[in-house]
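Novice: What follows is data28.cif; its format and atoms are mmCIF, C-alpha atoms.
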data_input
loop_
_atom_site.label_atom_id
_atom_site.label_comp_id
_atom_site.auth_asym_id
_atom_site.auth_seq_id
_atom_site.Cartn_x
_atom_site.Cartn_y
_atom_site.Cartn_z
CA MET A 1 119.07 3.06 41.08
CA VAL A 2 118.07 5.10 38.07
CA VAL A 3 117.16 8.78 38.52
CA VAL A 4 115.87 10.99 35.72
CA LYS A 5 114.18 14.36 35.47
CA VAL A 6 111.45 15.94 33.39
CA VAL A 7 111.79 19.66 34.02
CA GLU A 8 111.51 23.09 32.50
CA GLU A 9 114.82 23.87 30.77
CA HIS A 10 115.59 27.04 32.75
CA ILE A 11 115.50 25.19 36.11
CA ALA A 12 117.12 21.94 35.00
CA ASP A 13 120.37 22.70 36.86
CA LYS A 14 118.49 22.89 40.17
CA ILE A 15 117.29 19.28 39.92
CA ASP A 16 120.38 17.26 40.86
CA THR A 17 119.67 13.66 39.86
CA GLU A 18 123.23 12.53 40.60
CA TYR A 19 122.86 13.60 44.24
CA ILE A 20 119.75 11.45 44.67
CA GLN A 21 121.32 8.56 42.79
CA ASP A 22 124.32 8.68 45.15
CA GLN A 23 122.07 8.73 48.24
CA PHE A 24 120.21 5.59 47.18
CA ALA A 25 122.86 3.74 45.16
CA HIS A 26 122.30 0.62 47.27
CA LEU A 27 118.71 0.19 46.02
CA GLU A 28 118.21 -2.16 43.10
CA ASN A 29 115.37 -2.24 40.58
CA ILE A 30 114.16 1.20 41.66
CA GLY A 31 114.01 4.33 39.56
CA MET A 32 112.86 7.85 40.30
CA VAL A 33 111.46 10.37 37.88
CA PHE A 34 111.49 13.94 39.19
CA VAL A 35 108.96 16.15 37.43
CA CYS A 36 109.15 19.91 37.85
CA ALA A 37 107.08 21.73 35.28
CA ARG A 38 104.42 24.39 35.29
CA GLU A 39 101.93 21.68 34.47
CA GLY A 40 102.84 18.74 36.71
CA GLU A 41 101.34 15.31 36.75
CA GLU A 42 100.19 12.94 39.46
CA ASP A 43 102.75 11.12 41.60
CA ALA A 44 102.55 7.59 40.28
CA ASP A 45 104.53 4.41 40.15
CA TYR A 46 105.00 2.26 37.10
CA VAL A 47 107.09 -0.76 36.18
CA GLU A 48 109.19 -0.96 33.04
CA ASP A 49 111.74 -3.66 32.21
CA GLY A 50 111.60 -4.97 35.78
CA ILE A 51 112.36 -1.59 37.35
CA ARG A 52 109.82 0.13 39.62
CA TYR A 53 109.78 3.83 38.76
CA ILE A 54 108.49 6.34 41.29
CA VAL A 55 107.27 9.65 39.87
CA ILE A 56 107.87 12.58 42.22
CA ASN A 57 106.43 15.98 41.40
CA LEU A 58 108.26 19.02 42.72
CA PRO A 59 106.39 22.32 43.08
CA TYR A 60 107.55 24.41 40.15
CA GLU A 61 107.19 27.88 41.69
CA GLU A 62 108.91 26.83 44.90
CA VAL A 63 111.84 25.18 43.11
CA ARG A 64 112.19 28.16 40.77
CA LYS A 65 112.83 30.41 43.80
CA MET A 66 115.21 28.00 45.58
CA GLN A 67 118.98 28.10 45.49
CA ASP A 68 119.23 24.36 46.22
CA ALA A 69 116.40 21.89 45.66
CA ARG A 70 118.37 18.85 46.90
CA PRO A 71 116.95 18.85 50.46
CA MET A 72 113.40 18.88 49.08
CA MET A 73 114.23 16.16 46.56
CA LEU A 74 115.79 13.98 49.25
CA ALA A 75 112.85 14.44 51.64
CA LYS A 76 110.29 13.59 48.94
CA ALA A 77 112.32 10.57 47.82
CA LYS A 78 112.56 9.23 51.38
CA GLU A 79 108.83 9.79 51.86
CA ARG A 80 107.92 7.90 48.70
CA LEU A 81 110.32 5.08 49.59
CA GLY A 82 108.80 4.80 53.06
CA LEU A 83 112.03 5.80 54.80
CA VAL A 84 110.50 8.60 56.87
CA ALA A 85 109.98 7.80 60.53
#
How does the structure come out when it is put into C-alpha cells?
Specialist:
Amino acid sequence: MVVVKVVEEHIADKIDTEYIQDQFAHLENIGMVFVCAREGEEDADYVEDGIRYIVINLPYEEVRKMQDARPMMLAKAKERLGLVA
C-alpha cells in the first residue's frame, strides 16, 4: 500500500497518510492519492508501474476547519475500496 498526498501546505499536517497506510497495509498493488486543495480534481483511478492508484479528493474548507481529518480519510478510503456495507 502506497499513500501520498497533494495538499495545500498549511493543512498538510492534517492529512495523515501513515494512518491510512497502516489501516490498509495488507493490500498489495494499491495506492491512494489524497488531494486537498482549493482547486480539487476529479476522483479517478490510474495504473502506474503495476499499482492501481485511487485519487480521493477531500473537501478543502471542511478539512481546514477540522482538528482531525483521519475519520473522513478512512471513510472515503473504505468507500472507494468497496469496503462499506
Novice: One decimal, in Å: what's the spacing between atom CA of Tyr60 of chain A and atom CA of Asn29 of chain A?
Specialist: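 Going from atom CA of Tyr60 of chain A over to atom CA of Asn29 of chain A, I get 27.8 Å.
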Novice: Fewer than 6 positions away in the same chain doesn't count, so skip those; otherwise give me all residues within 8 Å of Ile15 of chain A, counting all atoms listed in the file, as number ranges by chain.
Specialist: A: 5, 34, 69-70, 73
Novice: Pick out the closest residue to Gln21 of chain A from this set: A:Arg38, A:Val7, A:Ala77, A:Asp68. Count all atoms listed in the file.
Specialist: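 For Gln21 of chain A, the nearest of the given residues is A:Ala77.
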Novice: From the list A:Asp13, A:Asp22, A:Asp49, A:Glu79, which residue is nearest Val63 of chain A when using all atoms listed in the file?
Specialist: A:Asp13
Novice: For Glu28 of chain A, please output as a list in words all residues within 7 Å (counting all atoms listed in the file; exclusion window: fewer than 2 positions along the same chain).
Specialist: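 The contact residues come out as Met1, His26 and Ile30 of chain A.
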Novice: Which of these, A:Glu48, A:Gly82, A:Pro71, A:Lys76, has the shortest distance to Asp16 of chain A once you count only C-alpha atoms?
Specialist: A:Pro71
Novice: Hey, what's within 6 Å of Val33 of chain A if we count only C-alpha atoms and toss same-chain stuff fewer than 3 positions away? As a list in words, please?
Specialist: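 Near Val33 of chain A, the qualifying residues are Val3, Val4, Lys5 and Val55 of chain A.
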Novice: Could you please determine the separation between atom CA of Asp45 of chain A and atom CA of Arg80 of chain A in Å, to one decimal place?
Specialist: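 Result for atom CA of Asp45 of chain A versus atom CA of Arg80 of chain A: 9.8 Å, one decimal.
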Novice: One decimal, Å: what's the distance from atom CA of Ala75 of chain A over to atom CA of Ile20 of chain A, could you say?
Specialist: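 Going from atom CA of Ala75 of chain A over to atom CA of Ile20 of chain A covers 10.3 Å.
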Novice: Which residue, A:Lys14, A:Tyr46, A:Met32, A:Leu27, has the smallest gap to Val2 of chain A when you use all atoms listed in the file?
Specialist: A:Met32
Novice: Report the residues retrieved by the PyMOL selection byres ((chain A and resi 39) around 12) from the displayed file, expressed as a PyMOL selection string.
Specialist: chain A and resi 6-8+35-38+40-42+57-61
Novice: From the list A:Leu81, A:Ile56, A:Val47, A:Ala12, which residue is nearest Phe24 of chain A when using all atoms listed in the file?
Specialist: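 Ranked by minimum distance to Phe24 of chain A, first place goes to A:Leu81.
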